[in-house]
file upload.cif (mmCIF, C-alpha atoms)
data_run
#
loop_
_atom_site.label_atom_id
_atom_site.label_comp_id
_atom_site.auth_asym_id
_atom_site.auth_seq_id
_atom_site.Cartn_x
_atom_site.Cartn_y
_atom_site.Cartn_z
CA MET A 17 3.83 10.49 -9.74
CA THR A 18 5.74 7.33 -10.58
CA VAL A 19 4.11 3.94 -11.04
CA TRP A 20 6.27 1.07 -9.85
CA LYS A 21 5.13 -2.13 -11.60
CA TYR A 22 5.95 -5.63 -10.39
CA GLY A 23 4.76 -9.15 -11.13
CA ASP A 24 2.99 -11.95 -9.30
CA ASN A 25 3.70 -13.33 -5.83
CA ILE A 26 5.64 -10.36 -4.47
CA ASN A 27 6.15 -11.60 -0.94
CA THR A 28 6.86 -9.72 2.27
CA ASP A 29 10.56 -10.68 2.14
CA MET A 30 10.81 -8.97 -1.26
CA LEU A 31 9.09 -5.90 0.16
CA PHE A 32 11.23 -5.82 3.30
CA PRO A 33 13.96 -8.45 3.77
CA GLY A 34 13.34 -10.67 6.78
CA LYS A 35 16.98 -10.40 7.86
CA TYR A 36 16.17 -6.88 9.13
CA THR A 37 13.04 -7.83 11.06
CA TYR A 38 14.66 -7.60 14.48
CA THR A 39 17.29 -4.96 13.75
CA CYS A 40 15.21 -2.19 12.17
CA ASN A 41 12.96 -0.76 14.82
CA SER A 42 11.94 2.60 13.42
CA VAL A 43 10.36 3.81 10.20
CA GLU A 44 13.59 5.61 9.30
CA GLU A 45 15.48 2.32 9.62
CA ILE A 46 12.90 0.45 7.53
CA LYS A 47 12.70 2.86 4.57
CA PRO A 48 16.19 2.28 3.06
CA HIS A 49 15.58 -1.47 2.87
CA LEU A 50 12.22 -1.42 1.08
CA LEU A 51 12.30 -3.71 -1.98
CA GLU A 52 16.11 -3.83 -1.86
CA ASP A 53 16.29 -7.41 -3.17
CA LEU A 54 13.56 -6.91 -5.79
CA ASP A 55 14.26 -3.37 -7.00
CA PRO A 56 17.37 -1.71 -5.55
CA SER A 57 16.37 1.65 -7.06
CA PHE A 58 13.03 1.79 -5.22
CA ALA A 59 14.09 3.09 -1.79
CA LYS A 60 16.32 5.75 -3.34
CA ASN A 61 13.79 6.99 -5.90
CA VAL A 62 10.29 6.48 -4.49
CA ARG A 63 8.42 9.71 -3.77
CA GLU A 64 5.31 10.64 -1.88
CA GLY A 65 2.30 10.15 -4.13
CA ASP A 66 3.74 7.21 -6.09
CA LEU A 67 1.72 4.08 -6.84
CA ILE A 68 2.63 0.40 -6.98
CA PHE A 69 1.02 -1.85 -9.59
CA ALA A 70 1.44 -5.60 -9.18
CA GLY A 71 0.12 -8.95 -10.28
CA LYS A 72 -1.52 -11.70 -8.26
CA ASN A 73 -1.03 -12.50 -4.59
CA PHE A 74 0.79 -9.30 -3.63
CA GLY A 75 2.08 -9.42 -0.05
CA CYS A 76 2.16 -13.19 0.36
CA GLY A 77 4.57 -14.64 2.88
CA SER A 78 5.06 -13.93 6.53
CA SER A 79 2.97 -11.65 8.69
CA ARG A 80 5.16 -8.66 9.45
CA GLU A 81 4.27 -4.99 9.77
CA GLN A 82 7.47 -3.54 8.31
CA PRO A 83 6.54 -3.90 4.61
CA VAL A 84 3.26 -2.03 5.05
CA VAL A 85 4.64 0.50 7.53
CA GLY A 86 7.52 1.24 5.16
CA LEU A 87 5.35 1.64 2.05
CA ARG A 88 3.05 4.01 3.89
CA ALA A 89 5.99 5.95 5.34
CA VAL A 90 7.56 6.63 1.94
CA GLY A 91 4.24 7.98 0.70
CA ILE A 92 2.86 5.22 -1.52
CA ILE A 93 -0.74 6.36 -1.97
CA ALA A 94 -2.02 2.94 -3.04
CA VAL A 95 -1.05 -0.50 -4.22
CA VAL A 96 -3.13 -1.58 -7.21
CA ALA A 97 -2.91 -5.31 -7.83
CA GLU A 98 -4.69 -8.22 -9.43
CA SER A 99 -5.07 -9.73 -5.94
CA PHE A 100 -3.62 -9.53 -2.44
CA ALA A 101 -2.62 -12.06 0.17
CA ARG A 102 -5.25 -11.89 2.91
CA ILE A 103 -2.85 -11.32 5.79
CA PHE A 104 -1.16 -8.45 3.94
CA TYR A 105 -4.55 -6.95 3.12
CA ARG A 106 -5.49 -6.87 6.79
CA SER A 107 -2.13 -5.43 7.78
CA ALA A 108 -2.56 -2.70 5.17
CA ILE A 109 -5.95 -1.74 6.62
CA ASN A 110 -4.44 -1.65 10.11
CA GLN A 111 -1.65 0.66 8.96
CA GLY A 112 -3.79 2.84 6.69
CA LEU A 113 -2.32 1.78 3.33
CA LEU A 114 -4.83 1.80 0.50
CA LEU A 115 -5.07 -1.44 -1.50
CA ILE A 116 -7.11 -1.68 -4.70
CA GLU A 117 -7.89 -4.84 -6.63
CA CYS A 118 -8.22 -3.97 -10.31
CA PRO A 119 -6.67 -6.59 -12.61
CA GLU A 120 -7.72 -4.72 -15.75
CA ALA A 121 -5.83 -1.57 -14.76
CA VAL A 122 -2.71 -3.57 -13.91
CA SER A 123 -2.71 -5.50 -17.19
CA SER A 124 -3.33 -2.39 -19.29
CA TYR A 125 -0.56 -0.28 -17.71
CA LYS A 126 2.49 0.35 -19.89
CA HIS A 127 5.58 2.19 -18.64
CA GLY A 128 5.00 5.91 -18.96
CA ASP A 129 1.18 5.81 -19.01
CA GLN A 130 -0.54 8.55 -17.06
CA VAL A 131 -2.56 7.20 -14.13
CA TRP A 132 -5.38 8.93 -12.23
CA LEU A 133 -6.93 7.38 -9.16
CA ASN A 134 -10.34 8.48 -7.90
CA VAL A 135 -11.00 6.56 -4.71
CA SER A 136 -14.37 8.19 -3.99
CA LYS A 137 -15.74 7.21 -7.42
CA GLY A 138 -14.01 3.82 -7.47
CA THR A 139 -12.19 4.46 -10.75
CA ILE A 140 -8.66 4.33 -12.01
CA SER A 141 -7.62 5.72 -15.38
CA VAL A 142 -4.62 4.29 -17.17
CA GLY A 143 -3.72 6.16 -20.33
CA SER A 144 -7.00 6.70 -22.17
CA SER A 145 -8.88 3.84 -20.44
CA THR A 146 -10.84 4.03 -17.21
CA PHE A 147 -11.55 1.03 -15.00
CA SER A 148 -13.88 0.59 -12.06
CA PHE A 149 -13.08 -1.14 -8.81
CA PRO A 150 -15.36 -1.87 -5.87
CA ARG A 151 -15.76 1.23 -3.76
CA LEU A 152 -14.04 0.85 -0.44
CA PRO A 153 -16.18 0.78 2.71
CA LYS A 154 -16.33 4.10 4.52
CA GLU A 155 -14.80 2.50 7.63
CA ILE A 156 -11.68 1.44 5.71
CA LEU A 157 -11.34 4.92 4.24
CA ALA A 158 -11.78 6.44 7.71
CA ILE A 159 -9.02 4.19 9.07
CA ARG A 160 -6.77 5.22 6.17
CA ASP A 161 -7.57 8.90 6.68
CA ALA A 162 -6.77 8.63 10.39
CA GLY A 163 -3.37 7.07 9.61
CA GLY A 164 -4.19 3.52 10.65
CA LEU A 165 -6.32 1.51 13.04
CA LEU A 166 -4.66 2.72 16.26
CA PRO A 167 -5.05 6.45 15.52
CA TYR A 168 -8.60 5.77 14.28
CA THR A 169 -9.48 3.94 17.51
CA ARG A 170 -7.92 6.66 19.66
CA GLU A 171 -9.93 9.25 17.76
CA LYS A 172 -13.16 7.31 18.31
CA LEU A 173 -12.42 6.94 22.03
CA GLN A 174 -11.80 10.68 22.36
CA GLN A 175 -15.11 11.37 20.62
CA ARG A 176 -16.94 9.08 23.07
CA LYS A 177 -15.33 10.75 26.06
CA LYS A 178 -16.58 14.14 24.84
CA GLN A 179 -20.17 12.92 24.60
#

call {"tool": "encode", "arguments": {"input": "upload.cif", "output": "structure tokens"}}
result
Amino acid sequence: MTVWKYGDNINTDMLFPGKYTYTCNSVEEIKPHLLEDLDPSFAKNVREGDLIFAGKNFGCGSSREQPVVGLRAVGIIAVVAESFARIFYRSAINQGLLLIECPEAVSSYKHGDQVWLNVSKGTISVGSSTFSFPRLPKEILAIRDAGGLLPYTREKLQQRKKQ
């Protein structure tokens, strides 16, 4: 697992350049452009199971799905940040991307540290230190596990029809 660490105010244009908003229509078209203006190595080197650590106000900027859809599609298991922009936070829930606010973990991380994330316990270990974060509501975890709000809703509707 690789941890990709970035600073404060990483906006949606840094995550996915706005110039591609109306030309990239599929996940496969989105993936090569992820973070291209912030970190040109990201799209080429990110792997399923990687984490992003970031500072304050991650995901600020415009309300677009492509940044979240792209991060989920390349296999980012979670973004751990000091704080998130509210609109990005909601978009992440809708798309099933796990977001964790844990400023202490972000500030303690040094390049090369081993990181272990235990979502069910609400802990993240960085090097030899372990930090707690608020446990996520079961509904948010269920949406994530289903792959996003739409698959979750479809699943619930199918369950109701069977009853």

call {"tool": "closest_residue", "arguments": {"input": "upload.cif", "among": "A:Leu67, A:Gly34, A:Cys118, A:Ala89", "to": "Thr146 of chain A", "atoms": "only C-alpha atoms"}}
result
A:Cys118

call {"tool": "residues_near_point", "arguments": {"input": "upload.cif", "point": "(6.3, -10.1, -7.3)", "cutoff": "10 Å", "atoms": "only C-alpha atoms", "output": "ChimeraX atom specification"}}
result
/A:21-28,30-31,54,70-76

call {"tool": "residues_near_point", "arguments": {"input": "upload.cif", "point": "(1.3, 8.9, -23.3)", "cutoff": "10 Å", "atoms": "all atoms listed in the file", "output": "list in words"}}
result
Lys126, His127, Gly128, Asp129, Gln130, Val142, Gly143 and Ser144 of chain A

call {"tool": "closest_residue", "arguments": {"input": "upload.cif", "among": "A:Ile46, A:Ile109, A:Val85, A:Ala59", "to": "Ile159 of chain A", "atoms": "all atoms listed in the file"}}
result
A:Ile109

call {"tool": "atom_distance", "arguments": {"input": "upload.cif", "atom1": "atom CA of Val43 of chain A", "atom2": "atom CA of Leu133 of chain A"}}
result
26.2 Å

call {"tool": "resolve_selection", "arguments": {"input": "upload.cif", "expression": "the PyMOL selection byres ((chain A and resi 92) around 12)", "output": "count of residues only"}}
result
35

call {"tool": "closest_residue", "arguments": {"input": "upload.cif", "among": "A:Thr37, A:Pro119, A:Ile103, A:Arg151", "to": "Asn134 of chain A", "atoms": "all atoms listed in the file"}}
result
A:Arg151

call {"tool": "atom_distance", "arguments": {"input": "upload.cif", "atom1": "atom CA of Pro33 of chain A", "atom2": "atom CA of Gln82 of chain A"}}
result
9.3 Å

call {"tool": "atom_distance", "arguments": {"input": "upload.cif", "atom1": "atom CA of Gln111 of chain A", "atom2": "atom CA of Asp55 of chain A"}}
result
22.9 Å

call {"tool": "resolve_selection", "arguments": {"input": "upload.cif", "expression": "the PyMOL selection byres ((chain A and resi 79) around 8)", "output": "ChimeraX atom specification"}}
result
/A:28,77-78,80-81,103-104

call {"tool": "build_atoms", "arguments": {"input": "upload.cif", "residues": "segment 113-135 of chain A", "atoms": "N, CA and C atoms", "output": "PDB file, keeping the file's coordinate frame"}}
result
ATOM      1  N   LEU A 113      -2.801   1.805   4.711  1.00  0.00           N
ATOM      2  CA  LEU A 113      -2.320   1.780   3.330  1.00  0.00           C
ATOM      3  C   LEU A 113      -3.446   1.319   2.427  1.00  0.00           C
ATOM      4  N   LEU A 114      -3.730   2.088   1.415  1.00  0.00           N
ATOM      5  CA  LEU A 114      -4.830   1.800   0.500  1.00  0.00           C
ATOM      6  C   LEU A 114      -4.444   0.699  -0.479  1.00  0.00           C
ATOM      7  N   LEU A 115      -5.248  -0.354  -0.543  1.00  0.00           N
ATOM      8  CA  LEU A 115      -5.070  -1.440  -1.500  1.00  0.00           C
ATOM      9  C   LEU A 115      -6.286  -1.515  -2.404  1.00  0.00           C
ATOM     10  N   ILE A 116      -6.031  -1.646  -3.712  1.00  0.00           N
ATOM     11  CA  ILE A 116      -7.110  -1.680  -4.700  1.00  0.00           C
ATOM     12  C   ILE A 116      -6.907  -2.877  -5.604  1.00  0.00           C
ATOM     13  N   GLU A 117      -7.930  -3.714  -5.694  1.00  0.00           N
ATOM     14  CA  GLU A 117      -7.890  -4.840  -6.630  1.00  0.00           C
ATOM     15  C   GLU A 117      -8.533  -4.394  -7.944  1.00  0.00           C
ATOM     16  N   CYS A 118      -7.724  -4.352  -8.991  1.00  0.00           N
ATOM     17  CA  CYS A 118      -8.220  -3.970 -10.310  1.00  0.00           C
ATOM     18  C   CYS A 118      -7.313  -4.595 -11.370  1.00  0.00           C
ATOM     19  N   PRO A 119      -7.532  -5.888 -11.657  1.00  0.00           N
ATOM     20  CA  PRO A 119      -6.670  -6.590 -12.610  1.00  0.00           C
ATOM     21  C   PRO A 119      -6.593  -5.923 -13.979  1.00  0.00           C
ATOM     22  N   GLU A 120      -7.699  -5.340 -14.426  1.00  0.00           N
ATOM     23  CA  GLU A 120      -7.720  -4.720 -15.750  1.00  0.00           C
ATOM     24  C   GLU A 120      -6.775  -3.519 -15.833  1.00  0.00           C
ATOM     25  N   ALA A 121      -6.733  -2.724 -14.779  1.00  0.00           N
ATOM     26  CA  ALA A 121      -5.830  -1.570 -14.760  1.00  0.00           C
ATOM     27  C   ALA A 121      -4.380  -2.025 -14.764  1.00  0.00           C
ATOM     28  N   VAL A 122      -4.077  -3.057 -13.984  1.00  0.00           N
ATOM     29  CA  VAL A 122      -2.710  -3.570 -13.910  1.00  0.00           C
ATOM     30  C   VAL A 122      -2.263  -4.094 -15.273  1.00  0.00           C
ATOM     31  N   SER A 123      -3.116  -4.889 -15.911  1.00  0.00           N
ATOM     32  CA  SER A 123      -2.710  -5.500 -17.190  1.00  0.00           C
ATOM     33  C   SER A 123      -2.628  -4.474 -18.317  1.00  0.00           C
ATOM     34  N   SER A 124      -3.366  -3.377 -18.210  1.00  0.00           N
ATOM     35  CA  SER A 124      -3.330  -2.390 -19.290  1.00  0.00           C
ATOM     36  C   SER A 124      -2.172  -1.397 -19.142  1.00  0.00           C
ATOM     37  N   TYR A 125      -1.607  -1.272 -17.939  1.00  0.00           N
ATOM     38  CA  TYR A 125      -0.560  -0.280 -17.710  1.00  0.00           C
ATOM     39  C   TYR A 125       0.709  -0.595 -18.501  1.00  0.00           C
ATOM     40  N   LYS A 126       1.203   0.414 -19.191  1.00  0.00           N
ATOM     41  CA  LYS A 126       2.490   0.350 -19.890  1.00  0.00           C
ATOM     42  C   LYS A 126       3.362   1.466 -19.319  1.00  0.00           C
ATOM     43  N   HIS A 127       4.648   1.207 -19.200  1.00  0.00           N
ATOM     44  CA  HIS A 127       5.580   2.190 -18.640  1.00  0.00           C
ATOM     45  C   HIS A 127       5.363   3.556 -19.300  1.00  0.00           C
ATOM     46  N   GLY A 128       5.184   4.549 -18.457  1.00  0.00           N
ATOM     47  CA  GLY A 128       5.000   5.910 -18.960  1.00  0.00           C
ATOM     48  C   GLY A 128       3.551   6.356 -19.068  1.00  0.00           C
ATOM     49  N   ASP A 129       2.592   5.421 -18.962  1.00  0.00           N
ATOM     50  CA  ASP A 129       1.180   5.810 -19.010  1.00  0.00           C
ATOM     51  C   ASP A 129       0.849   6.746 -17.851  1.00  0.00           C
ATOM     52  N   GLN A 130       0.000   7.716 -18.116  1.00  0.00           N
ATOM     53  CA  GLN A 130      -0.540   8.550 -17.060  1.00  0.00           C
ATOM     54  C   GLN A 130      -1.593   7.757 -16.299  1.00  0.00           C
ATOM     55  N   VAL A 131      -1.606   7.917 -14.979  1.00  0.00           N
ATOM     56  CA  VAL A 131      -2.560   7.200 -14.130  1.00  0.00           C
ATOM     57  C   VAL A 131      -3.250   8.203 -13.222  1.00  0.00           C
ATOM     58  N   TRP A 132      -4.572   8.098 -13.128  1.00  0.00           N
ATOM     59  CA  TRP A 132      -5.380   8.930 -12.230  1.00  0.00           C
ATOM     60  C   TRP A 132      -6.237   7.999 -11.390  1.00  0.00           C
ATOM     61  N   LEU A 133      -6.178   8.198 -10.101  1.00  0.00           N
ATOM     62  CA  LEU A 133      -6.930   7.380  -9.160  1.00  0.00           C
ATOM     63  C   LEU A 133      -7.994   8.250  -8.503  1.00  0.00           C
ATOM     64  N   ASN A 134      -9.244   7.783  -8.566  1.00  0.00           N
ATOM     65  CA  ASN A 134     -10.340   8.480  -7.900  1.00  0.00           C
ATOM     66  C   ASN A 134     -10.990   7.486  -6.944  1.00  0.00           C
ATOM     67  N   VAL A 135     -10.537   7.523  -5.711  1.00  0.00           N
ATOM     68  CA  VAL A 135     -11.000   6.560  -4.710  1.00  0.00           C
ATOM     69  C   VAL A 135     -12.482   6.729  -4.426  1.00  0.00           C
TER      70      VAL A 135
END
